[in-house]
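Data first, discussion second: the structure below is written as structure tokens.
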Amino acid sequence: MAFNDWVQYFIEGFPVGCIYGLVAIGLVLTYKTSGVFNLAFGAQAFMSAAIMYELTEGGWPTWLAFVMSVFVVAPLFGLLLDRALFRYMRNANWVVKLVSSLGLFVALPEIIKAVVSGVQPQFNAPSVADLVGMSELAGDDQVFRFGDYVVSPDRMTVVIITITAVVLLGILFRYTALGLQMRAIVESFRMVELAGVNSERVSMAAWMLSSFLAGLAGVLIAPDLSIDSIPYTLLLVAAVSAAAFGRLTSIPLALLGAAILGVGQRAIIGFSYEYEWPQNIQTGVRPALPFLALFLLLIFLPAFKGRRDITDPLSGVDPPPPAMAHQYKDRSLAKTSRIAFYVFIAVFLLVATFAMTDVWVFRFTDAFTLAIAFLSITVFTGLGGQVSLGQAAFAGIGGYTTANLAAENGWPVLLALVVGVVFAVIVGVLLAIPGLRLGGIFLTLATLAFGLMAQNIVFSNGSVAGGPQGLDVPRPDFLTGSGWLDPDQRYLLFVFACFAVVGFLVIFVRSGTTGRYFTALRGSETAAASIGINGTRQRILLFALSAGIAGLAGGIFAMNSSVVRFDTQEYQALFGAAWVVLVVSLGARTVDGAVNAAISFVLFQWLLSDYFGMEASIALIGFGFGAITYARHPEGMVEFRTRMSILARRKSVLLKAKAAELTEKPRGYVPTQRATLPALVPMLVLFAALIVRKIIGAEGGLPVWLLVVCGGISVLYALFFMVRTQSFLVGKGGYAWGWWIMAGGAVAGVLLGWVLTSVEVRTPAFDDPGIAIDVAPWIGMVVGLVCGFAIAAFFVLPVQIERVARLEDFRRPPITWREGRAPTIWIALGTFLCYWASKGWSPNEFEIIDGLPGRNQPLYFLGLIAVIVWVSWIGQVQGGVNELVMGEVDVAPGVPVAEDDLPEELPSLAELAPTGGAE
Amino acid sequence: MTTVEDLTPRPRPPVEGALLDARGVTKRFAGITALHAVDLSVAPGEFVGLIGPNGAGKTTFFNCLLGILRPEEGTVVFDGRDVTGLPIFKRARLGFGRTFQRLELFAGMSVRDHFIVADRAHRDDGRLWKDLLNRSKPTRDERARADAMVDLLRLGNEADQPAEMLSLGRGRLVELGRALMTRPKLLLLDEPSSGLDVRETAAFSARLAKVQEEHEFAVLLVEHDVDMVQSLVSRLYVLDFGTLIASGPTDDVFNDAAVRKAYLGSSE
């Protein structure tokens, strides 16, 4: 390599490195000021580039588009992120912060693609060079000449802008108060406030500045890239590597790292041409250099050893997080829920065996395979307290080994599966060893690098991926052939059995010694070591377990479809990240969190792509939003709901006990079950009739009169309940205007019902104007009346209860208006689905239950869920009323202060037997 | 009693029969000598104290004893074995126990579970295959031992609470119990009275004295609370700027002029 070559590499690589540097500065800045490592900066860069492109295409002058996308939209978005999201996570641990930024990383590119342009990558992005006059300076041939070398105006622009930005930033940090404040708030937000600084403003400024830099980078790099999400993900990873070079805290070093990376990438390309590397290494290594660099940096740089979370010394003022639901030892509840669990499993198996259509058999097979993969995240994150973004790679290893051995070499597939798992375990252990000294976010970044390397180097390689046709992996022999059930149904049961076994193993491990050691290590590594726990061994075990589980899932994936390819979504790192978001936001600590996540994923994808005909990747948006709920419930939604329901049940048990002691129940008290039964029983009758008809093989759906009678009883009772409760509450001091609101709701409902059923509306989805919902108007008005009244009541009654509670000096109201949200959402959803269904719109066969008319099935299932929501609302309201009449019940565990064993009078310390004393 | 003049940098001969014998421990951090040839020994069952002004190097010395830091020079011999290079968890298995100045409890675990996990880690008979076969539930013996510790430390009211919800004084007791479950031969206590009020300190001292008397383990106590030290400790070392400036029976040390000047504050 001559010197000339190196200069050329520098000229071409340094500007790219500058762009990496800009994003790297943003990463370091937000990490230093808020502790959040914002993986979404790549997407934010993409956003600015996409907006600028759209605006210039739409006729805006370049300079205005530039100002808009970089100086206005980008910082505003950063402000939004701080105010709406990361502000609530200041004292959360690093997993919460990481998962939220992961959610953005996953969701934002899809939102941008859906909103801003079409979904095609764009070329010929507008160049910024004109704006800064570079094009004019460059002269007629549009290049700058330095001796023998040429530099394009774009590249020159990038370098000059970057240098300017860096200089200005340096001045900001060194010489201004704001810079100093930024450096202080990450140590302790509250302490900085005690010093008289408005920390919120400082944090906002840091986010706006970082987002501005990301937007700037996005626009500057746009001429070199296609404007699509993947190149911007690569940009992000390169920036992460640069930031890692700066140990995530030093901006100058990060810039240096960025420059080295930019030049190095160009040099590698040059070498690969000059020394004629094999083609597949060329295509693999080139984009993988940033991941490789990141991986090697994390492993070999000493600065990452044993890094701890920066803990705010004032964080002790926050209340401790609530205990896990299963720690609330509630014997009877445990028993009922265990029985309910087994009943549910039995019902599911029955339905799967006898009643499910083929398509849904496939879907549930996929769901349970995914659940196994998710269990690997339950182990790694829920038990081990670390986050791995490389689980898809382990799945790929297991899958590829299985596929290769079974399809290409003819091994019996179950044996191949076992070997696949073993191989995944081995790779997991190998990955664990260099990662031993890493913890927290650094380990996560290392797993991300690993996952991306696997995806880009190994699995994109044609021979591994199975070529264009993929690999045909057979299913186990004992499942094929004729017999009692369909082969596919037998396979579903097999997969379900695998999942059940793994699930139980995870539960055993969690409650066994290993789980206890993991919990101890999660709590305090030093303290765990001080009682003799070998942290190294446990860490390796953690990797081995989770890699093995993921490998098993990968092998089963390979068997699921008739042909498997390894560049599909199950094996992609991005989806690996999405899995983490999904599992953690639903609940990483429990097996039912994993199951919920898997079934939600499959259902959601089906809903979007099959039922509504949208791109499957839109599902990522939903998962991204899941990350936002996660910010408020870091223990996961499933856990949160379980805890809430356990607490609610405890309350009702206590109330019942209280009531049993009284000979005369106070007026208004109705045991919750008795209150909900009249609404529930008719619907159960309906559901039972459905099953019975299916089993006896009757034709068609349910007779209309049965629907009307059962539905009518349930609805009428609910209305009666609402009216009765409202009048009772008004009698106790509630707001009388509640009546007006409910009446108003009824009227609005009638109107809306009439509009939807008799007015011709030009709907966006169908060009010809038509009636929105195709039923007789009187039905629409009656349903509208009921729904409108109900929706008003859903909110009014809890508000009344809050009011009366306040009048009676309750410390906490039994329920709040928020209880009204769930049933309202279901009614809205139901209306929407009625609209779709009435348009005859069911693009694919949707029959979960064999033999029922496809078009109406969503309504049945919707109805079932709506009933559950409606009935539980009744239960909650009645529970609230019960508490109002019986007196407040406190069920949240408090800490009793044990005063009784501290001596009343302090003994003089000299009286305590001193062991040895003055000799 | 040794005084400053006596301490010359020559290797001290090993102390016969000592449980812990640290000789010539020297620790440097980038040009600063945090510890300079510190010698310290603890006999089996003895209650030894280590005091000194903040910044003297007490915690650094502690960390060298425990394996968190590696000294540049010097050796640490425990129960006849040179442990200078052993990792932390191995030292714990040999008989070191410790508590922490800032509470390091296991978030999410109840008090009882802390004791059970410490007991198990000490006996080291947890195995993955046992877990997978669901044969790792706490045995009756384990539960009995944990309950006994709960009773000993009078933590019955909070025994099933998650540990992070306890107050500082209670948390300290949990740490003490957790360390004791590993049946240590030597218990290292790092400023246990830090953050406790007078009553809590008295309760902790009382509990500690009682337990030590019953189980007869040695204690090395780093403390600032002079009353606590005086009532519990039989032999005392004083560290200042990384060097031992006094050692000997408690009262003698407290009366030593150099110690008063450096740390206790004299009235003249």
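By order of appearance in the structure tokens: chains A, B, ..., then residues from 1 within every chain, and ligands from 1 in the order shown.
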
| Skipping near chain neighbours, those fewer than 5 positions away, what residues fall within 9 Å of stretch 117-123 of chain B using only C-alpha atoms, listed as an MDAnalysis selection string? | (chainID A and resid 513 516:517 520 528 531:534) or (chainID B and resid 92:93 112 142 145:146 178:183)

| request: Tell me the residues of chain B close to chain A, meaning within 6 Å using only C-alpha atoms, as a PyMOL selection string. | output: chain B and resi 88-89+92-93+104+106-107+118+121+126+131-132+134+136+231-232+234+251

Convert the current residue selection to file output with all heavy atoms, as a compact mmCIF listing (two decimals), in the first residue's frame.
```txt
# COMPACT_ATOMS: atom_id res chain seq x y z
N ILE B 88 -12.35 -13.26 45.38
CA ILE B 88 -13.18 -12.96 46.54
C ILE B 88 -13.98 -14.16 47.01
O ILE B 88 -14.03 -14.48 48.20
CB ILE B 88 -14.15 -11.82 46.23
CG1 ILE B 88 -13.42 -10.64 45.64
CG2 ILE B 88 -14.91 -11.41 47.47
CD1 ILE B 88 -14.35 -9.55 45.17
N PHE B 89 -14.62 -14.82 46.05
CA PHE B 89 -15.55 -15.85 46.50
C PHE B 89 -14.80 -17.03 47.13
O PHE B 89 -15.31 -17.70 48.01
CB PHE B 89 -16.47 -16.30 45.36
CG PHE B 89 -15.82 -17.21 44.35
CD1 PHE B 89 -15.89 -18.57 44.50
CD2 PHE B 89 -15.13 -16.69 43.27
CE1 PHE B 89 -15.30 -19.42 43.58
CE2 PHE B 89 -14.54 -17.51 42.35
CZ PHE B 89 -14.62 -18.88 42.51
N ALA B 92 -14.18 -16.17 50.62
CA ALA B 92 -15.40 -16.33 51.41
C ALA B 92 -15.56 -17.80 51.81
O ALA B 92 -15.95 -18.11 52.93
CB ALA B 92 -16.61 -15.86 50.61
N ARG B 93 -15.27 -18.69 50.88
CA ARG B 93 -15.43 -20.11 51.20
C ARG B 93 -14.46 -20.55 52.29
O ARG B 93 -14.71 -21.49 53.02
CB ARG B 93 -15.18 -20.95 49.94
CG ARG B 93 -16.16 -20.69 48.84
CD ARG B 93 -17.19 -21.77 48.74
NE ARG B 93 -18.14 -21.45 47.69
CZ ARG B 93 -18.00 -21.83 46.44
NH1 ARG B 93 -16.96 -22.54 46.06
NH2 ARG B 93 -18.93 -21.48 45.56
N GLU B 104 -25.41 -3.58 50.91
CA GLU B 104 -25.42 -4.31 49.64
C GLU B 104 -26.32 -5.52 49.83
O GLU B 104 -25.86 -6.65 49.96
CB GLU B 104 -24.00 -4.76 49.27
CG GLU B 104 -23.03 -3.63 49.06
CD GLU B 104 -22.91 -3.25 47.59
OE1 GLU B 104 -23.49 -3.96 46.76
OE2 GLU B 104 -22.25 -2.25 47.30
N PHE B 106 -29.61 -7.97 48.61
CA PHE B 106 -30.06 -8.53 47.35
C PHE B 106 -31.50 -8.08 47.11
O PHE B 106 -32.43 -8.61 47.70
CB PHE B 106 -30.01 -10.06 47.38
CG PHE B 106 -28.63 -10.60 47.65
CD1 PHE B 106 -28.46 -11.71 48.44
CD2 PHE B 106 -27.51 -9.99 47.11
CE1 PHE B 106 -27.20 -12.23 48.68
CE2 PHE B 106 -26.25 -10.49 47.35
CZ PHE B 106 -26.09 -11.62 48.14
N ALA B 107 -31.65 -7.11 46.23
CA ALA B 107 -32.99 -6.57 45.99
C ALA B 107 -33.91 -7.66 45.48
O ALA B 107 -33.54 -8.47 44.63
CB ALA B 107 -32.91 -5.45 44.96
N ALA B 118 -27.27 -17.64 51.52
CA ALA B 118 -25.93 -17.61 52.08
C ALA B 118 -25.55 -18.99 52.61
O ALA B 118 -24.42 -19.46 52.42
CB ALA B 118 -25.85 -16.58 53.20
N ALA B 121 -24.79 -21.19 49.62
CA ALA B 121 -23.52 -20.86 48.97
C ALA B 121 -22.37 -21.37 49.81
O ALA B 121 -21.35 -21.83 49.28
CB ALA B 121 -23.42 -19.35 48.78
N GLY B 126 -25.48 -26.72 45.80
CA GLY B 126 -26.51 -26.49 44.80
C GLY B 126 -25.98 -26.91 43.44
O GLY B 126 -24.88 -26.56 43.06
N ASP B 131 -31.57 -28.48 40.21
CA ASP B 131 -32.58 -27.47 39.91
C ASP B 131 -33.53 -27.97 38.84
O ASP B 131 -34.74 -27.83 38.96
CB ASP B 131 -31.91 -26.20 39.37
CG ASP B 131 -31.14 -25.48 40.45
OD1 ASP B 131 -31.38 -25.75 41.62
OD2 ASP B 131 -30.31 -24.64 40.08
N LEU B 132 -32.95 -28.55 37.79
CA LEU B 132 -33.78 -28.94 36.65
C LEU B 132 -34.77 -30.02 37.05
O LEU B 132 -35.82 -30.15 36.46
CB LEU B 132 -32.89 -29.42 35.50
CG LEU B 132 -32.04 -28.32 34.87
CD1 LEU B 132 -31.09 -28.90 33.85
CD2 LEU B 132 -32.93 -27.28 34.22
N ASN B 134 -36.17 -30.04 39.86
CA ASN B 134 -36.99 -29.43 40.91
C ASN B 134 -36.73 -30.06 42.26
O ASN B 134 -37.66 -30.27 43.04
CB ASN B 134 -38.48 -29.53 40.53
CG ASN B 134 -39.29 -28.48 41.26
OD1 ASN B 134 -38.76 -27.48 41.74
ND2 ASN B 134 -40.59 -28.71 41.38
N SER B 136 -34.54 -28.62 44.39
CA SER B 136 -33.74 -27.64 45.10
C SER B 136 -34.56 -26.81 46.06
O SER B 136 -34.13 -25.73 46.44
CB SER B 136 -33.07 -26.70 44.10
OG SER B 136 -32.14 -27.39 43.35
N SER B 231 -16.26 -0.52 73.81
CA SER B 231 -16.99 -1.56 74.54
C SER B 231 -16.79 -2.93 73.94
O SER B 231 -16.91 -3.93 74.64
CB SER B 231 -18.47 -1.22 74.56
OG SER B 231 -18.99 -1.39 73.26
N LEU B 232 -16.49 -3.01 72.65
CA LEU B 232 -16.47 -4.32 72.01
C LEU B 232 -15.05 -4.86 71.79
O LEU B 232 -14.83 -6.06 71.79
CB LEU B 232 -17.17 -4.27 70.65
CG LEU B 232 -18.68 -4.04 70.65
CD1 LEU B 232 -19.19 -3.85 69.24
CD2 LEU B 232 -19.39 -5.19 71.31
N SER B 234 -11.01 -5.65 71.91
CA SER B 234 -9.98 -5.88 72.92
C SER B 234 -8.63 -5.38 72.47
O SER B 234 -7.81 -4.96 73.27
CB SER B 234 -9.89 -7.37 73.24
OG SER B 234 -9.48 -8.08 72.08
N ASP B 251 -7.43 0.36 75.63
CA ASP B 251 -7.28 1.55 76.47
C ASP B 251 -5.91 2.19 76.26
O ASP B 251 -5.80 3.42 76.24
CB ASP B 251 -7.47 1.18 77.94
CG ASP B 251 -8.95 0.92 78.23
OD1 ASP B 251 -9.77 1.39 77.41
OD2 ASP B 251 -9.27 0.27 79.23
```

| message | At a cut-off of 7 Å, using only C-alpha atoms, what residues contact B:Thr243? Leave out same-chain residues fewer than 2 positions from it and give the result as a ChimeraX atom specification. | response | /B:35-36,38,239-241,245

Give me the residues within 6 Å of B:Val48 as a PDB file with all heavy atoms, in the first residue's frame, counting only C-alpha atoms and dropping any in the same chain fewer than 6 places off.
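Written output follows (around.pdb):
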```
ATOM      1  N   VAL B 219     -13.391 -11.094  64.910  1.00  0.00           N
ATOM      2  CA  VAL B 219     -13.989  -9.938  64.249  1.00  0.00           C
ATOM      3  C   VAL B 219     -12.909  -8.897  64.000  1.00  0.00           C
ATOM      4  O   VAL B 219     -12.070  -8.629  64.867  1.00  0.00           O
ATOM      5  CB  VAL B 219     -15.094  -9.297  65.119  1.00  0.00           C
ATOM      6  CG1 VAL B 219     -15.686  -8.086  64.412  1.00  0.00           C
ATOM      7  CG2 VAL B 219     -16.182 -10.307  65.434  1.00  0.00           C
ATOM      8  N   LEU B 220     -12.920  -8.328  62.824  1.00  0.00           N
ATOM      9  CA  LEU B 220     -12.107  -7.139  62.556  1.00  0.00           C
ATOM     10  C   LEU B 220     -13.071  -6.009  62.250  1.00  0.00           C
ATOM     11  O   LEU B 220     -13.817  -6.058  61.276  1.00  0.00           O
ATOM     12  CB  LEU B 220     -11.163  -7.373  61.370  1.00  0.00           C
ATOM     13  CG  LEU B 220     -10.318  -6.165  60.946  1.00  0.00           C
ATOM     14  CD1 LEU B 220      -9.464  -5.661  62.100  1.00  0.00           C
ATOM     15  CD2 LEU B 220      -9.433  -6.520  59.768  1.00  0.00           C
ATOM     16  N   VAL B 233     -14.124  -3.943  71.558  1.00  0.00           N
ATOM     17  CA  VAL B 233     -12.842  -4.355  70.996  1.00  0.00           C
ATOM     18  C   VAL B 233     -11.796  -4.575  72.072  1.00  0.00           C
ATOM     19  O   VAL B 233     -11.703  -3.814  73.025  1.00  0.00           O
ATOM     20  CB  VAL B 233     -12.373  -3.264  70.005  1.00  0.00           C
ATOM     21  CG1 VAL B 233     -10.899  -3.395  69.697  1.00  0.00           C
ATOM     22  CG2 VAL B 233     -13.184  -3.347  68.746  1.00  0.00           C
ATOM     23  N   ARG B 235      -8.389  -5.414  71.156  1.00  0.00           N
ATOM     24  CA  ARG B 235      -7.104  -4.936  70.660  1.00  0.00           C
ATOM     25  C   ARG B 235      -7.373  -4.039  69.476  1.00  0.00           C
ATOM     26  O   ARG B 235      -8.271  -4.306  68.666  1.00  0.00           O
ATOM     27  CB  ARG B 235      -6.223  -6.122  70.257  1.00  0.00           C
ATOM     28  CG  ARG B 235      -4.750  -5.836  70.198  1.00  0.00           C
ATOM     29  CD  ARG B 235      -3.930  -7.097  70.366  1.00  0.00           C
ATOM     30  NE  ARG B 235      -4.301  -8.100  69.374  1.00  0.00           N
ATOM     31  CZ  ARG B 235      -3.839  -8.121  68.117  1.00  0.00           C
ATOM     32  NH1 ARG B 235      -2.994  -7.205  67.710  1.00  0.00           N
ATOM     33  NH2 ARG B 235      -4.248  -9.057  67.284  1.00  0.00           N
ATOM     34  N   LEU B 236      -6.561  -3.008  69.358  1.00  0.00           N
ATOM     35  CA  LEU B 236      -6.903  -1.930  68.420  1.00  0.00           C
ATOM     36  C   LEU B 236      -5.700  -1.546  67.571  1.00  0.00           C
ATOM     37  O   LEU B 236      -4.573  -1.508  68.043  1.00  0.00           O
ATOM     38  CB  LEU B 236      -7.359  -0.722  69.245  1.00  0.00           C
ATOM     39  CG  LEU B 236      -8.031   0.452  68.547  1.00  0.00           C
ATOM     40  CD1 LEU B 236      -9.179   0.000  67.703  1.00  0.00           C
ATOM     41  CD2 LEU B 236      -8.510   1.432  69.607  1.00  0.00           C
TER      42      LEU B 236
END
```

| task | With a distance cut-off of 10 Å and only C-alpha atoms, select the neighbouring residues of stretch 546-552 of chain A, excluding the residue or stretch itself and same-chain residues fewer than 4 positions from it, and output the selection as a ChimeraX atom specification. | result | /A:369-381,384,388,390-402,417-429,431,498-499,502,506,541-542,556-558

| Of the candidates B:Leu166, B:Leu128, B:Leu244, B:Ala258, which shows the shortest atom-to-atom distance to B:Lys58, using only C-alpha atoms? | B:Leu244

| Polymer residues at most 10 Å from B:Asp82, only C-alpha atoms, same-chain spacing of 4 or more positions, as an MDAnalysis selection string | chainID B and resid 20:22 75:78 86

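When only C-alpha atoms are used to compute distances to B:Ala209, the closest of the residues B:Gly156, B:Gly45, B:Pro14, B:Gly31 turns out to be B:Gly45.
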
| request: For stretch 98-103 of chain B, please output as a list of chain:residue names all residues within 6 Å (counting only C-alpha atoms; exclusion window: fewer than 3 positions along the same chain). | output: B:Glu175, B:Ala179, B:Leu187, B:Leu188, B:Leu189, B:Asp190, B:Glu191

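When atom CA of A:Thr365 is paired with atom CA of A:Asn409, their separation reads 25.7 Å.
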
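Picture a line from atom CA of A:Phe810 to atom CA of A:Arg674; it runs 25.2 Å.
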
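Separating atom CA of A:Ala107 from atom CA of A:Asn38 is a distance of 13.3 Å.
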
| task | Could you find all residues in stretch 64-185 of chain B that DSSP calls alpha helix (DSSP H) from the backbone, and write them as a PyMOL selection string? | result | chain B and resi 64-66+88-94+111-123+128-132+140-152+168-181

| message | If you run DSSP on the backbone here, which positions in stretch 161-266 of chain B get strand (DSSP E or B)? Please write them as a PyMOL selection string. | response | chain B and resi 162+186-190+218-222+235-240+243-249

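Using only C-alpha atoms, the nearest neighbour of A:Ala65 within the list A:Gln876, A:Val219, A:Thr30, A:Glu808 is A:Val219.
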